[in-house]
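Novice: This is the content of query-v2.pdb (PDB, C-alpha atoms and all ligand atoms):
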```pdb
ATOM      1  CA  MET A   1      -6.465 195.431 220.641
ATOM      2  CA  THR A   2      -6.826 199.035 219.495
ATOM      3  CA  SER A   3      -6.003 198.088 215.880
ATOM      4  CA  GLU A   4      -9.220 196.017 215.686
ATOM      5  CA  LEU A   5     -11.374 198.941 216.684
ATOM      6  CA  PRO A   6     -13.052 200.937 213.904
ATOM      7  CA  PRO A   7     -10.982 204.002 213.045
ATOM      8  CA  LEU A   8     -12.532 207.377 213.882
ATOM      9  CA  LEU A   9     -10.860 210.213 212.035
ATOM     10  CA  VAL A  10     -10.747 213.309 214.191
ATOM     11  CA  LEU A  11     -10.577 216.703 212.504
ATOM     12  CA  GLY A  12     -10.507 219.509 215.046
ATOM     13  CA  PRO A  13      -8.664 220.590 218.179
ATOM     14  CA  PRO A  14      -8.213 217.842 220.807
ATOM     15  CA  ALA A  15      -9.821 219.945 223.596
ATOM     16  CA  LEU A  16     -13.161 219.525 221.881
ATOM     17  CA  TYR A  17     -13.162 215.763 221.695
ATOM     18  CA  SER A  18     -10.889 214.650 224.544
ATOM     19  CA  LEU A  19     -13.883 214.051 226.831
ATOM     20  CA  PHE A  20     -15.516 211.920 224.146
ATOM     21  CA  GLN A  21     -12.260 210.063 223.573
ATOM     22  CA  SER A  22     -11.809 209.333 227.279
ATOM     23  CA  GLN A  23     -15.334 207.869 227.388
ATOM     24  CA  ASN A  24     -15.005 205.850 224.175
ATOM     25  CA  SER A  25     -11.401 204.747 223.884
ATOM     26  CA  ASN A  26     -12.554 201.100 224.063
ATOM     27  CA  LYS A  27     -14.867 201.556 221.047
ATOM     28  CA  TYR A  28     -12.875 203.446 218.438
ATOM     29  CA  ARG A  29      -9.325 203.913 217.327
ATOM     30  CA  PHE A  30      -8.987 207.708 217.448
ATOM     31  CA  LEU A  31      -6.916 209.135 214.610
ATOM     32  CA  ASP A  32      -5.973 212.703 215.460
ATOM     33  CA  ALA A  33      -5.271 214.178 212.049
ATOM     34  CA  PHE A  34      -5.684 217.738 213.332
ATOM     35  CA  SER A  35      -2.693 217.664 215.687
ATOM     36  CA  SER A  36      -0.470 215.816 213.203
ATOM     37  CA  ASN A  37      -0.400 218.768 210.755
ATOM     38  CA  LEU A  38       0.283 216.306 207.927
ATOM     39  CA  PRO A  39      -1.775 216.106 204.732
ATOM     40  CA  LEU A  40      -4.570 213.600 205.357
ATOM     41  CA  LEU A  41      -3.367 210.712 203.189
ATOM     42  CA  GLN A  42       0.172 211.026 204.497
ATOM     43  CA  PHE A  43      -1.153 211.071 208.057
ATOM     44  CA  LEU A  44      -3.192 207.897 207.442
ATOM     45  CA  GLN A  45      -0.105 206.235 206.006
ATOM     46  CA  THR A  46       1.860 207.045 209.193
ATOM     47  CA  GLN A  47      -0.940 205.332 211.134
ATOM     48  CA  GLN A  48      -0.894 202.341 208.746
ATOM     49  CA  ILE A  49      -4.542 202.964 207.953
ATOM     50  CA  HIS A  50      -5.831 202.460 204.441
ATOM     51  CA  PRO A  51      -8.121 205.386 203.443
ATOM     52  CA  SER A  52     -10.887 202.925 202.533
ATOM     53  CA  SER A  53     -11.112 201.697 206.126
ATOM     54  CA  VAL A  54     -12.172 205.117 207.417
ATOM     55  CA  ARG A  55     -15.977 205.189 207.656
ATOM     56  CA  ALA A  56     -16.471 207.988 210.185
ATOM     57  CA  ILE A  57     -15.223 211.519 210.853
ATOM     58  CA  LEU A  58     -15.624 213.486 214.084
ATOM     59  CA  CYS A  59     -15.061 217.199 213.506
ATOM     60  CA  ASN A  60     -15.808 220.732 214.600
ATOM     61  CA  PRO A  61     -15.862 224.143 212.905
ATOM     62  CA  LEU A  62     -12.127 224.767 213.312
ATOM     63  CA  GLN A  63     -11.205 222.323 210.538
ATOM     64  CA  PRO A  64     -13.162 222.111 207.294
ATOM     65  CA  VAL A  65     -14.366 218.813 205.871
ATOM     66  CA  THR A  66     -13.719 219.709 202.256
ATOM     67  CA  ALA A  67     -14.598 217.969 199.007
ATOM     68  CA  ASP A  68     -10.942 216.807 198.869
ATOM     69  CA  VAL A  69     -11.157 215.184 202.312
ATOM     70  CA  ILE A  70     -14.392 213.435 201.339
ATOM     71  CA  ARG A  71     -12.941 212.316 198.007
ATOM     72  CA  SER A  72      -9.912 210.806 199.776
ATOM     73  CA  LEU A  73     -12.109 208.514 201.871
ATOM     74  CA  PRO A  74     -14.069 206.176 199.561
ATOM     75  CA  SER A  75     -15.906 204.354 202.393
ATOM     76  CA  LEU A  76     -16.858 207.432 204.393
ATOM     77  CA  GLY A  77     -20.419 206.983 205.675
ATOM     78  CA  ILE A  78     -20.845 209.549 208.435
ATOM     79  CA  VAL A  79     -19.541 212.977 209.469
ATOM     80  CA  VAL A  80     -20.428 213.954 213.021
ATOM     81  CA  THR A  81     -19.701 217.511 214.011
ATOM     82  CA  VAL A  82     -19.500 218.737 217.588
ATOM     83  CA  SER A  83     -21.304 221.907 216.592
ATOM     84  CA  VAL A  84     -24.699 223.223 215.652
ATOM     85  CA  GLY A  85     -23.359 224.867 212.518
ATOM     86  CA  SER A  86     -22.335 222.789 209.511
ATOM     87  CA  ASP A  87     -20.786 225.483 207.293
ATOM     88  CA  HIS A  88     -17.360 223.817 207.619
ATOM     89  CA  ILE A  89     -18.636 220.657 205.893
ATOM     90  CA  ASP A  90     -19.142 220.261 202.152
ATOM     91  CA  ILE A  91     -22.762 219.215 202.581
ATOM     92  CA  LEU A  92     -23.503 218.938 198.876
ATOM     93  CA  LYS A  93     -20.652 216.508 198.377
ATOM     94  CA  CYS A  94     -21.886 214.467 201.372
ATOM     95  CA  LEU A  95     -25.418 214.411 199.972
ATOM     96  CA  ARG A  96     -24.157 213.215 196.595
ATOM     97  CA  ARG A  97     -22.246 210.401 198.243
ATOM     98  CA  CYS A  98     -25.130 209.593 200.667
ATOM     99  CA  ILE A  99     -22.884 210.341 203.634
ATOM    100  CA  HIS A 100     -24.804 211.090 206.839
ATOM    101  CA  VAL A 101     -24.046 214.481 208.384
ATOM    102  CA  VAL A 102     -24.927 214.758 212.066
ATOM    103  CA  THR A 103     -24.891 218.115 213.835
ATOM    104  CA  LEU A 104     -25.853 218.912 217.411
ATOM    105  CA  GLY A 105     -29.437 219.759 218.278
ATOM    106  CA  THR A 106     -30.267 221.865 221.336
ATOM    107  CA  GLN A 107     -27.214 220.895 223.426
ATOM    108  CA  PHE A 108     -25.527 224.321 223.096
ATOM    109  CA  THR A 109     -28.602 226.544 222.827
ATOM    110  CA  ALA A 110     -28.919 227.876 226.385
ATOM    111  CA  ASP A 111     -25.210 228.494 226.914
ATOM    112  CA  VAL A 112     -24.722 230.289 223.608
ATOM    113  CA  ALA A 113     -27.763 232.479 224.357
ATOM    114  CA  ASP A 114     -26.354 233.250 227.829
ATOM    115  CA  ILE A 115     -23.000 234.248 226.347
ATOM    116  CA  ALA A 116     -24.659 236.486 223.732
ATOM    117  CA  VAL A 117     -26.381 238.365 226.560
ATOM    118  CA  ALA A 118     -23.168 238.379 228.623
ATOM    119  CA  LEU A 119     -21.220 239.908 225.711
ATOM    120  CA  LEU A 120     -23.879 242.579 225.288
ATOM    121  CA  ILE A 121     -23.856 243.425 228.992
ATOM    122  CA  ASP A 122     -20.062 243.514 229.018
ATOM    123  CA  VAL A 123     -19.805 245.868 226.034
ATOM    124  CA  HIS A 124     -22.715 248.064 227.162
ATOM    125  CA  PHE A 125     -21.555 248.457 230.779
ATOM    126  CA  LYS A 126     -17.838 248.362 229.872
ATOM    127  CA  ILE A 127     -17.178 245.579 232.355
ATOM    128  CA  SER A 128     -13.976 244.185 230.800
ATOM    129  CA  ALA A 129     -12.709 247.721 230.094
ATOM    130  CA  GLY A 130     -13.496 248.641 233.723
ATOM    131  CA  ASP A 131     -11.663 245.540 234.916
ATOM    132  CA  ARG A 132      -8.538 246.603 233.030
ATOM    133  CA  PHE A 133      -8.874 250.134 234.430
ATOM    134  CA  ALA A 134      -9.406 248.955 238.043
ATOM    135  CA  ARG A 135      -6.218 246.895 237.965
ATOM    136  CA  ASN A 136      -4.216 250.122 237.473
ATOM    137  CA  TRP A 137      -6.474 252.497 239.393
ATOM    138  CA  GLY A 138      -4.268 255.213 240.917
ATOM    139  CA  PRO A 139      -5.242 258.019 243.352
ATOM    140  CA  CYS A 140      -5.328 260.804 240.753
ATOM    141  CA  LYS A 141      -6.784 258.786 237.908
ATOM    142  CA  PRO A 142     -10.287 259.789 236.783
ATOM    143  CA  LEU A 143     -12.808 256.986 236.334
ATOM    144  CA  ALA A 144     -13.246 255.693 232.806
ATOM    145  CA  SER A 145     -16.207 257.285 231.040
ATOM    146  CA  PRO A 146     -19.532 255.853 232.209
ATOM    147  CA  SER A 147     -21.894 253.756 230.172
ATOM    148  CA  GLY A 148     -24.297 256.061 228.328
ATOM    149  CA  SER A 149     -27.650 254.656 229.334
ATOM    150  CA  LYS A 150     -29.693 251.803 230.739
ATOM    151  CA  LEU A 151     -29.948 248.475 228.952
ATOM    152  CA  GLY A 152     -33.687 248.354 229.691
ATOM    153  CA  GLY A 153     -35.650 249.943 226.849
ATOM    154  CA  LYS A 154     -32.937 249.301 224.252
ATOM    155  CA  ARG A 155     -34.160 248.050 220.880
ATOM    156  CA  VAL A 156     -32.482 244.742 220.154
ATOM    157  CA  GLY A 157     -32.506 243.425 216.588
ATOM    158  CA  ILE A 158     -31.864 239.699 216.430
ATOM    159  CA  ILE A 159     -30.661 238.300 213.119
ATOM    160  CA  GLY A 160     -31.783 234.668 213.038
ATOM    161  CA  LEU A 161     -34.670 233.888 215.381
ATOM    162  CA  GLY A 162     -34.026 230.144 215.519
ATOM    163  CA  ARG A 163     -33.391 228.157 218.689
ATOM    164  CA  ILE A 164     -30.517 230.342 219.935
ATOM    165  CA  GLY A 165     -32.014 233.632 218.738
ATOM    166  CA  GLY A 166     -35.308 232.739 220.432
ATOM    167  CA  GLU A 167     -33.533 232.111 223.742
ATOM    168  CA  VAL A 168     -31.610 235.396 223.433
ATOM    169  CA  ALA A 169     -34.928 237.178 222.884
ATOM    170  CA  LYS A 170     -36.474 235.558 225.967
ATOM    171  CA  ARG A 171     -33.534 236.579 228.145
ATOM    172  CA  LEU A 172     -33.455 240.183 226.899
ATOM    173  CA  GLU A 173     -37.208 240.577 227.309
ATOM    174  CA  ALA A 174     -36.526 240.046 231.026
ATOM    175  CA  PHE A 175     -34.196 243.077 230.843
ATOM    176  CA  ASP A 176     -37.102 245.132 229.393
ATOM    177  CA  CYS A 177     -35.446 245.347 225.992
ATOM    178  CA  ILE A 178     -37.646 245.742 222.923
ATOM    179  CA  ILE A 179     -37.102 242.773 220.633
ATOM    180  CA  MET A 180     -37.274 242.805 216.841
ATOM    181  CA  TYR A 181     -35.803 240.410 214.330
ATOM    182  CA  HIS A 182     -34.835 239.419 210.818
ATOM    183  CA  SER A 183     -35.116 235.782 209.739
ATOM    184  CA  ARG A 184     -35.586 233.849 206.511
ATOM    185  CA  ASN A 185     -39.301 233.834 207.294
ATOM    186  CA  LYS A 186     -41.636 235.694 209.611
ATOM    187  CA  ASN A 187     -42.393 233.584 212.676
ATOM    188  CA  PRO A 188     -46.179 233.674 213.288
ATOM    189  CA  SER A 189     -45.789 232.390 216.848
ATOM    190  CA  VAL A 190     -43.967 235.493 218.162
ATOM    191  CA  SER A 191     -45.150 239.073 218.499
ATOM    192  CA  TYR A 192     -41.746 240.728 217.968
ATOM    193  CA  THR A 193     -41.564 243.097 214.996
ATOM    194  CA  PHE A 194     -40.244 241.345 211.887
ATOM    195  CA  TYR A 195     -38.024 243.101 209.338
ATOM    196  CA  SER A 196     -37.502 241.438 206.003
ATOM    197  CA  ASN A 197     -34.635 243.838 205.347
ATOM    198  CA  VAL A 198     -31.522 243.928 207.546
ATOM    199  CA  VAL A 199     -30.780 247.616 206.870
ATOM    200  CA  ASP A 200     -34.271 248.526 208.107
ATOM    201  CA  LEU A 201     -33.776 246.330 211.171
ATOM    202  CA  ALA A 202     -30.437 248.052 211.886
ATOM    203  CA  SER A 203     -31.875 251.582 211.488
ATOM    204  CA  ASN A 204     -34.507 250.728 214.079
ATOM    205  CA  SER A 205     -32.171 248.965 216.541
ATOM    206  CA  ASP A 206     -29.684 249.994 219.231
ATOM    207  CA  VAL A 207     -28.152 246.524 219.279
ATOM    208  CA  LEU A 208     -27.764 243.827 216.624
ATOM    209  CA  ILE A 209     -27.229 240.240 217.745
ATOM    210  CA  LEU A 210     -26.212 237.682 215.138
ATOM    211  CA  CYS A 211     -27.508 234.164 215.791
ATOM    212  CA  CYS A 212     -28.032 232.825 212.265
ATOM    213  CA  PRO A 213     -26.101 230.113 210.409
ATOM    214  CA  LEU A 214     -23.492 231.025 207.807
ATOM    215  CA  THR A 215     -24.721 230.280 204.294
ATOM    216  CA  GLU A 216     -24.175 231.824 200.869
ATOM    217  CA  GLN A 217     -27.145 234.069 201.604
ATOM    218  CA  THR A 218     -26.001 235.211 205.050
ATOM    219  CA  LYS A 219     -22.290 235.810 204.321
ATOM    220  CA  TYR A 220     -21.616 239.508 205.155
ATOM    221  CA  ILE A 221     -25.268 239.992 206.075
ATOM    222  CA  VAL A 222     -23.853 242.768 208.256
ATOM    223  CA  ASN A 223     -21.986 244.947 205.762
ATOM    224  CA  LYS A 224     -21.005 248.615 205.774
ATOM    225  CA  GLU A 225     -24.519 249.793 204.940
ATOM    226  CA  VAL A 226     -25.950 247.832 207.876
ATOM    227  CA  MET A 227     -23.274 249.111 210.268
ATOM    228  CA  LEU A 228     -23.846 252.714 209.219
ATOM    229  CA  ALA A 229     -27.606 252.222 209.582
ATOM    230  CA  LEU A 230     -27.063 250.929 213.128
ATOM    231  CA  GLY A 231     -25.063 254.069 213.827
ATOM    232  CA  LYS A 232     -22.527 255.378 216.307
ATOM    233  CA  ASP A 233     -24.518 254.414 219.402
ATOM    234  CA  GLY A 234     -25.056 250.860 218.183
ATOM    235  CA  ILE A 235     -23.577 247.637 219.514
ATOM    236  CA  ILE A 236     -23.050 244.408 217.544
ATOM    237  CA  VAL A 237     -22.852 240.985 219.181
ATOM    238  CA  ASN A 238     -21.872 237.939 217.102
ATOM    239  CA  VAL A 239     -22.306 234.374 218.379
ATOM    240  CA  GLY A 240     -23.019 232.940 214.895
ATOM    241  CA  ARG A 241     -20.040 232.852 212.540
ATOM    242  CA  GLY A 242     -17.333 235.433 211.837
ATOM    243  CA  ALA A 243     -18.141 235.756 208.139
ATOM    244  CA  LEU A 244     -21.683 236.935 208.888
ATOM    245  CA  ILE A 245     -19.991 240.329 209.299
ATOM    246  CA  ASP A 246     -17.622 242.030 206.899
ATOM    247  CA  GLU A 247     -14.821 241.945 209.474
ATOM    248  CA  LYS A 248     -12.503 244.493 207.804
ATOM    249  CA  VAL A 249     -15.349 247.018 207.723
ATOM    250  CA  LEU A 250     -16.288 246.178 211.318
ATOM    251  CA  VAL A 251     -12.731 246.910 212.472
ATOM    252  CA  GLN A 252     -12.784 250.271 210.652
ATOM    253  CA  CYS A 253     -16.212 251.198 212.048
ATOM    254  CA  LEU A 254     -15.073 250.350 215.588
ATOM    255  CA  MET A 255     -11.827 252.304 215.221
ATOM    256  CA  LYS A 256     -13.570 255.348 213.781
ATOM    257  CA  GLY A 257     -16.430 255.271 216.295
ATOM    258  CA  GLU A 258     -18.976 254.671 213.537
ATOM    259  CA  ILE A 259     -20.506 252.058 215.824
ATOM    260  CA  ARG A 260     -20.211 252.082 219.594
ATOM    261  CA  GLY A 261     -18.910 248.614 220.350
ATOM    262  CA  ALA A 262     -18.906 244.905 219.638
ATOM    263  CA  GLY A 263     -18.945 241.634 221.547
ATOM    264  CA  LEU A 264     -17.460 238.904 219.357
ATOM    265  CA  ASP A 265     -17.284 235.173 219.992
ATOM    266  CA  VAL A 266     -16.502 234.328 216.362
ATOM    267  CA  PHE A 267     -14.107 235.638 213.720
ATOM    268  CA  GLU A 268     -13.776 235.385 209.980
ATOM    269  CA  ASN A 269     -10.443 233.498 209.916
ATOM    270  CA  GLU A 270     -10.258 231.652 213.204
ATOM    271  CA  PRO A 271      -8.024 231.289 215.087
ATOM    272  CA  ASN A 272      -6.805 234.646 213.743
ATOM    273  CA  VAL A 273      -8.348 237.655 215.459
ATOM    274  CA  PRO A 274      -7.710 241.054 213.819
ATOM    275  CA  GLU A 275      -4.912 242.644 215.850
ATOM    276  CA  GLU A 276      -6.406 246.134 215.553
ATOM    277  CA  LEU A 277      -9.126 244.973 217.940
ATOM    278  CA  PHE A 278      -6.693 244.284 220.777
ATOM    279  CA  ALA A 279      -6.174 247.961 221.559
ATOM    280  CA  LEU A 280      -9.880 248.854 221.534
ATOM    281  CA  ASP A 281     -11.755 249.220 224.813
ATOM    282  CA  ASN A 282     -15.132 249.126 223.073
ATOM    283  CA  VAL A 283     -14.656 245.495 222.032
ATOM    284  CA  VAL A 284     -15.032 242.301 224.047
ATOM    285  CA  LEU A 285     -13.436 239.217 222.509
ATOM    286  CA  SER A 286     -14.161 235.566 223.184
ATOM    287  CA  PRO A 287     -12.362 232.638 221.461
ATOM    288  CA  HIS A 288     -15.383 230.891 219.869
ATOM    289  CA  ALA A 289     -16.135 229.574 223.337
ATOM    290  CA  ALA A 290     -19.826 230.327 223.858
ATOM    291  CA  ALA A 291     -20.561 226.632 224.324
ATOM    292  CA  TYR A 292     -17.432 225.905 226.310
ATOM    293  CA  THR A 293     -19.017 224.512 229.441
ATOM    294  CA  LEU A 294     -18.636 221.036 230.841
ATOM    295  CA  ASP A 295     -22.425 220.610 230.705
ATOM    296  CA  CYS A 296     -22.442 221.375 226.978
ATOM    297  CA  PHE A 297     -19.553 219.007 226.358
ATOM    298  CA  MET A 298     -21.226 216.175 228.283
ATOM    299  CA  ASP A 299     -24.499 216.623 226.376
ATOM    300  CA  ALA A 300     -22.635 216.862 223.085
ATOM    301  CA  CYS A 301     -20.650 213.685 223.869
ATOM    302  CA  GLU A 302     -23.858 211.783 224.542
ATOM    303  CA  HIS A 303     -25.295 212.881 221.194
ATOM    304  CA  VAL A 304     -22.086 212.024 219.322
ATOM    305  CA  ALA A 305     -21.866 208.634 221.028
ATOM    306  CA  LYS A 306     -25.484 207.762 220.162
ATOM    307  CA  SER A 307     -25.010 208.820 216.545
ATOM    308  CA  LEU A 308     -21.816 206.813 216.046
ATOM    309  CA  ASP A 309     -23.241 203.780 217.880
ATOM    310  CA  ALA A 310     -26.293 203.874 215.637
ATOM    311  CA  PHE A 311     -24.154 204.207 212.519
ATOM    312  CA  PHE A 312     -21.751 201.400 213.380
ATOM    313  CA  SER A 313     -24.591 199.098 214.432
ATOM    314  CA  SER A 314     -26.649 200.084 211.340
ATOM    315  CA  LYS A 315     -29.527 201.508 213.394
ATOM    316  CA  SER A 316     -31.366 204.628 212.300
ATOM    317  CA  LEU A 317     -29.644 207.891 213.172
ATOM    318  CA  ILE A 318     -30.915 210.854 215.142
ATOM    319  CA  ILE A 319     -30.175 213.617 212.689
ATOM    320  CA  SER A 320     -30.703 217.249 213.654
ATOM    321  CA  PRO A 321     -32.031 219.408 210.839
ATOM    322  CA  ILE A 322     -29.192 221.253 209.129
ATOM    323  CA  THR A 323     -29.870 224.946 209.496
TER     324      THR A 323
HETATM  325  O1  LIG B   1     -19.848 227.197 216.784
HETATM  326  C1  LIG B   1     -20.412 226.351 217.372
HETATM  327  C2  LIG B   1     -21.516 225.616 216.857
HETATM  328  O2  LIG B   1     -21.831 225.735 215.652
HETATM  329  O3  LIG B   1     -22.104 224.862 217.635
END
```
So that I can check it, write out the structure of this file as structure tokens.
Specialist:
Amino acid sequence: MTSELPPLLVLGPPALYSLFQSQNSNKYRFLDAFSSNLPLLQFLQTQQIHPSSVRAILCNPLQPVTADVIRSLPSLGIVVTVSVGSDHIDILKCLRRCIHVVTLGTQFTADVADIAVALLIDVHFKISAGDRFARNWGPCKPLASPSGSKLGGKRVGIIGLGRIGGEVAKRLEAFDCIIMYHSRNKNPSVSYTFYSNVVDLASNSDVLILCCPLTEQTKYIVNKEVMLALGKDGIIVNVGRGALIDEKVLVQCLMKGEIRGAGLDVFENEPNVPEELFALDNVVLSPHAAAYTLDCFMDACEHVAKSLDAFFSSKSLIISPIT
């Protein structure tokens, strides 16, 4: 009987948890609050669920777990997010209430790093722009302007040399790029040049790749000054979070040619992408899908399943450090 199963409140688009649901429909009663579009308490009422019987939330970055949500659920004991980042969760409120917050560990690292490199290659070599051109290639049409230079030898500044940033660095070293970085702290185990100041990193880079978490300190870490320091030949790639960049300024810089191009997997107000970007050939857009592979989903499901099993059977949890 599904009604005897523990309720699992799902906040986030169904695509991201449907695999988990298909594997665990005999363990939990899935309550899809995201698709209902109703306020939470009203939604629970329609499901005949008392708020105090909800002990677990499964979520992802597309729907915030706010202080209000947490307050509405007096027995909440765990929030599991199908993401590495936790900026969509009111962590302080969870800490105060002793609610476990479980994020992913390394499940998405390799794929996100691959996509960061893919976005860079696409913008630099104008692959998507060339694709659009080739589809309408007529006999008298000149070729679109070529890419300026080789990728090898480019100076790549990575902002956030954590797990993903480290993998991006490894991949781009194989392309003969020169790696430098900015992080909270200098990493003594790497020989890449460290910049404690992002403007200095940008002035010495041809490419900036954002791989850091979104926090109060990193919001708009790439602002106008940083973009101007990177300059008109510079490319920005963002696989972190949209609000790491001042998006309005980014749009202006791209339109005015104050930077050369951008590869963006994340946006400030997802799912809204600034429309001005649609007409620009120097931009490659991706719908926050860097970890959208079946392999990633399977690994993530395993981690989520273990965490929820441990919680509901009162075993100790595998908690990834919150970055
Ligand atoms: O955005 C995706 C993640 O944080 O894993």
Novice: Could you tell me which residues the PyMOL selection byres (((chain A and resi 73) around 8) and not hetatm) grabs in this file, written as JSON, numbers by chain?
Specialist: {"A": [51, 52, 54, 55, 69, 70, 71, 72, 74, 75, 76]}
Novice: Could you tell me which residues the PyMOL selection byres (((not hetatm)) within 9 of (chain B and resi 1)) returns for this structure, as a count of residues only?
Specialist: 27
Novice: Give me, as a ChimeraX atom specification, all polymer residues having an atom no more than 12 Å from Leu119 of chain A, counting only C-alpha atoms and skipping those fewer than 6 positions away in the same chain.
Specialist: /A:112-113,125-128,168,207-210,235-239,261-266,282-286,289-290
Novice: Looking at all atoms listed in the file, which of A:Leu5, A:Val198, A:Leu44, A:Val190 is the one that sits closest to Lys27 of chain A?
Specialist: A:Leu5
Novice: Show which residues sit within 12 Å of Met255 of chain A, as a list in words. Count all atoms listed in the file, and ignore same-chain residues fewer than 4 positions away.
Specialist: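 Once the nearby chain positions are removed, what remains is Lys232, Lys248, Val249, Leu250, Val251, Ile259, Arg260, Gly261, Ala262, Glu275, Glu276, Leu277, Phe278, Ala279, Leu280, Asp281, Asn282 and Val283 of chain A.
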Novice: Within 8 Å of Pro7 of chain A, counting only C-alpha atoms, which residues show up once you throw out same-chain ones fewer than 6 positions away? Write them as a ChimeraX atom specification, please.
Specialist: /A:28-31,53-56
Novice: What's the separation between atom CA of Leu92 of chain A and atom CA of Gly165 of chain A, in Å to one decimal place?
Specialist: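 Going from atom CA of Leu92 of chain A over to atom CA of Gly165 of chain A, I get 26.1 Å.
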Novice: Let me know the residues the PyMOL selection byres (((chain A and resi 95) around 12) and not hetatm) catches in the file above, as number ranges by chain.
Specialist: A: 67, 70, 76-79, 89-94, 96-101
